[in-house]
Amino acid sequence: MSLWVDKHRPNSLNKLDFHKEQAAHLKKLVNSGDFPHLIVYGPSGVGKKTRIMCLLRELYGSGVEKLRIEQHNFTTPSKKKMDISTISSNYHIEVNPSDVGNNDRVVIQELIKTVAQTNQLETSSQKSFKVVILTEVDRLSVDAQHALRRTMEKYMATCRLILCCNSTSKVIPAIRSRCLGVRVAAPSIEQIGQILQSVCKKEGLSLPLELATKIAKKSNRNLRRALLMCEACRVQQYPFRPDQEVTEPDWELYLKETANLIVEQQSPKRLLEVRARLYELITHCIPADVIMRGLLQELVKNCDGELKLEVVQSAAYYEHRLQTGQKAIYHLEAFVAKFMAIYKRFFEEGIADLF
Amino acid sequence: MNKFEMKSDGGNSFADNEDSNDSVIDLASSPELSTQKPDKKRKRDKSILQSINCKNSAKWVTSSFGDFDAFDCFAASSRPAKSAPKRANTTSSSQSILKVSKSATTSISNTADQSKASKTTPQINSEQVSSSGDRCWLSGKKRPAYESELWSDKYAPNNQGDLAVHKKKISDLETWFQTHLKAQAKLPPILILTGQAGTGKSATVKVLSRELKCDVQEWSNPVGSDRVWKKRDEFSTGPYQYDDIQTESQLVQFQHFLLRANKYNKLDIFGDGNTEKKIILVEEFPNVFYRDASAFHETLRKYAHVGKCPLVFIVSDSTSRDSASCERLLFPKTLQQDLRIDNISFNPIALTSLTKVLTRIATKEASQGLHKFTAPTHAILESIAMSSAGDIRGAINTLQFACLRDTKDLLPSALVKGKQPVKKPRGKAKSKSSDKKDSDLASIGGRDTSLFLFRALGKILYCKRDDPSAHPDEPKLAVHLQEHHRDPLIINPEDVVEKSHLSGDYFSAYLHQNYMEFFTDLDDIARASQYLSDADHLTEDWASRSVLQQYAASVATRGIIHANSARARFSSAGSGLGWKPLHKPQWYTAIKQARDSCESARCLFKEYAWTPEILQTEILPYLSVINTTLHQPGQASFLQEFCRFSKLKIPGRSEKLDEKDVDTDESPPPSQSMEIKSVQDDDEFVSNSQSKVRTAQEEEEELIIEDFDD
């Protein structure tokens with residue numbers, strides 16, 4: 001049994017549930033038999049990849065759904081061996097170059113070159129190009145992005161690139177201008193609610209509208225999360241009740257507890273506890289920027305209007321450092337310490353004003 | 001061995017072409033040497049050659065070695081010519097010894113008779129001990145007292161009274177010996193002596209064993225100068241027999257040594273009375289153990305089964321990487337517990353007793369030494385003692401070296417500053433002036449002092465400050481900046497970082513782990529953490545990292561010191577803070593764990609084909625809630641592990657930092673180990689998984705790209 005997220009994934013452009021207009025545009029785009037390089041961007045869980053796969057199906061037929069996982073080995077110029085797994089069909093190959101960290105440049109060059117250099121034998125029945133899907137392009141190093149730019153131009157005849165990322169802000173302009181940008185916006189809460197209900201119907205379950213909306217709200221307009229939550233609710237309790245508790249991931253609960261601890265008391269001892277919890281989150285592979293964002297969202301809820309500005313500002317300051325720096329814990333902790341100091345001062349001033 | 005073979009191949013040309021040698025000399029030594037010495041040397045070489053030639057038919061080989069020797073000697077051109085005959089002697093003697101040992105080894109290899117082997121090998125060993133004995137100043141072996149003898153050898157302690165070691169340590173060791181030489185416990189008594197180099201560990205053992213009348217059987221690594229000679233000679237008589245000599249690995253030799261030394265007493269050759277009691281002393285460890293400590297552990301455990309007599313290990317600790325890992329690597333805590341290993345650690349020799357010893361030696365030398373000099377003044381002795389940082393061997397050697405020159409030279413610099421600390425009361429003044437003197441005395445062999453990490457961290461975190469009245473010319477801050485006023489520091493943070501032998505990055509990781517407990521005010525913490533963040537920010541660019549690291553460490557240390565406003569004053573120093581345990585940074589273990597589980601998540605849940613972030617933050621947490629059928633057993637247990645958050649209030653603090661712990665700033669090479677791991681996982685995956693993409697997987701081929709020119 002696979003997850004609902006995988007099971008009920010629409011597989012053609014016609015079946016997409018939202019942004020139908022955009023789907024129609026895409027359809028028109030590929031109907032001509034060719035398309036430019038694409039960059040598909042939008043927040044997490046809005047169906048970017050689903051859309052890409054639909055597009056490919058439209059282009060190549062059902063053959064693209066025969067997927068296989070492959071291991072590729074690369075050797076860097078410094079003789080370091082790396083391997084990376086790709087998902088591919090006869091027509092396309094999908095890879096996440098950021099899996100190999102700093103050596104992503106090599107992967108991009110080598111992989112695209114291999115794919116691009118193999119010409120299709122029968123151009124009459126097949127398309128003359130293959131498609132390379134690169135995910136998490138915004139995590140690519142600048143080196144790799146420049147390598148990508150060059151590769152893009154060079155192999156235009158035999159391959160098309162589809163880049164997939166959350167935000168184009170970290171993609172260099174040279175790449176952005178070479179691609180057709182396709183922005184996929186997050187679905188609205190109503191749309192998510194409807195999708196959840198239709199999925200439940202397919203599963204033979206009935207989902208009350210209240211619960212559907214509740215899940216949709218909790219999911220932060222992330223459809224993947226919504227579906228996972230819905231499935232978790234199903235496991236928890238069926239038949240659904242409208243007032244049912246929606247399961248959140250453990251780490252989010254943990255992060256919320258941590259934020260509460262910070263608000264509850266501001267002392268060196270408490271900070272030490274918080275640090276231990278931060279380490280715990282880091283060891284569980286929660287990315288530091290996600291921790292930072294989660295903390296801020298929780299902390300700001302407890303802040304007064306004028307305090308918010310200061311808190312968010314310091315969060316932005318440390319978040320930036322966290323992106324560039326090496327040791328995330330320094331910056332996370334510095335932020336927490338800063339917040340504690342601000343918050344404490346605010347309260348002490350407030351009490352002083354009372355008297 | 002390869003080297004020699006190579007030389008022998010080119011031997012002819014080497015021997016013919018003597019001019020080439022001379023040109024080498026010209027380069028290597030002063031013109032004076034090159035004109036005078038070569039003649040002498042060549043004569044000597046000829047004598048050596050003759051002595052060898054009479055046993056040799058294959059002349060060309062030896063001649064090549066003759067040249068080789070000459071080359072050797074010239075390289076060490078400062079060696080006194082006096083040693084030449086001696087050297088020739090050793091050649092012949094080592095040859096004869098070699099013959100014995102060769103016949104012995106062949107007999108071993110032929111008959112494989114253990115008892116014979118037991119008799120021959122210790123002989124070889126003991127001979128090596130005597131040859132390398134001058135290494136330690138306590139070995140009782142007396143050489144003819146000509147001037148080149150080291151005073152540290154000459155004045156090796158003979159009885160307990162001579163020892164400069166603290167009385168308590170001596171008595172500790174003595175009682176240990178007494179109890180364990182008599183009593184027969186189930187496990188053989190094993191003792192580790194630790195302490196810095198030159199704190200008299202070996203001396204104490206030797207003196208005590210002499211006083212308690214027991215034999216010391218000492219292991220020494222079977223590699224030495226003799227061995228080199230043997231190799232050469234052996235080779236000259238034919239390359240094939242050479243291989244017979246070292247058929248046993250060091251490991252096997254060590255094991256045999258332990259077992260034999262345990263079973264059999266020393267041969268009573270010199271008739272000095274065969275004592276019943278004996279101890280086994282291991283001061284150097286076969287090199288192979290540093291690479292593979294488990295072999296050593298196994299040997300020790302084996303010894304624990306069969307051994308009876310006390311086994312003493314001497315481990316000098318220092319801050320350098322190899323020897324630091326030595327104690328932890330060779331004697332992990334579990335082993336120490338299992339085998340009930342005792343541990344006595346020696347402290348650096350106290351200043352007073354060190355000075356006493358130095359005075360004794362100096363007066364004796366001055367009155368009866370061959371070299372005439374006036375006894376150095378007390379101040380000089382004291383400053384020598386101080387600069388040696390508790391290393392008695394080093395101190396005596398320094399004294400000897402200093403006395404070779406006229407000690408009056410030392411007076412102006414050493415005396416003026418050297419007198420101060422004695423008059424002043426003990427305490428911070430002392431440490432400060434001793435720092436100064438370190439640099440003064442570097443000219444006569446003072447040592448580089450280094451700090452253990454524990455102390456270095458302590459210096460930063462406790463940040464002791466000096467009395468402001470001692471620094472009247474200190475610039476004052478403006479009134480509105482008064483809150484930033486700090487009394488002058490006793491230490492120099494950059495020095496401390498440097499002496500800790502850690503990279504700045506690593507040092508600040510330690511600081512980060514520990515700074516918080518030294519702070520009381522939240523604002524201070526916020527400021528300190530800001531500085532740490534700054535420090536990390538400085539090193540963000542890998543290209544400039546190596547340079548900026550020092551600055552980053554400076555920012556981190558000074559930032560933390562400055563931010564601690566509770567300890568800003570001289571008067572506040574030392575108050576309020578008790579002793580606090582220090583911890584090792586959690587960051588490295590945390591990040592390693594994260595990387596590992598990220599990697600295994602990627603491999604285990606490959607069929608879901610999500611990007612790592614989504615996989616870790618969304619899919620996996622829900623997978624653990626949703627009862628899907630997981631395809632591999634590994635997945636279920638991983639999920640359980642992955643989604644369990646510690647509910648403890650303070651989940652596991654990191655490992656405590658020991659007083660003598662030393663860390664290296666090599667973070668384990670993560671990528672490599674990860675790669676191996678992932679490959680293994682892949683194999684598993686391929687064999688076990690029945691995922692939906694499996695059907696296509698049979699045709700999976702590895703794609704190896706060989707060239708990548710654009």
# chains A, B, ... in the order shown; residues from 1 in each chain; ligands from 1

$ residues_around --residues "region 194-209 of chain A" --least-positions-apart "4" --cutoff "10 Å" --atoms "only C-alpha atoms" --output "number ranges by chain"
A: 4-5, 7-9, 17-18, 187-190, 213-216, 223, 226-227, 230-231, 234, 238-243

$ select_by_dssp --residues "region 95-295 of chain A" --states "helix (DSSP H, G or I)" --output "VMD selection string"
chain A and resid 97 to 117 137 to 139 142 to 154 168 to 170 173 to 178 189 to 202 209 to 218 223 to 236 250 to 264 268 to 283 288 to 295

$ interface_residues --of "chain A" --to "chain B" --cutoff "7 Å" --atoms "only C-alpha atoms" --output "MDAnalysis selection string"
chainID A and resid 1:2 67:74 110 225 228 231:232 235 249:250 267:268 273 276 279 282:286 321 324:327 330:331 333:334 337:338 341

$ atom_distance --atom1 "CA of Leu173 (chain B)" --atom2 "CA of Pro286 (chain B)"
25.2 Å
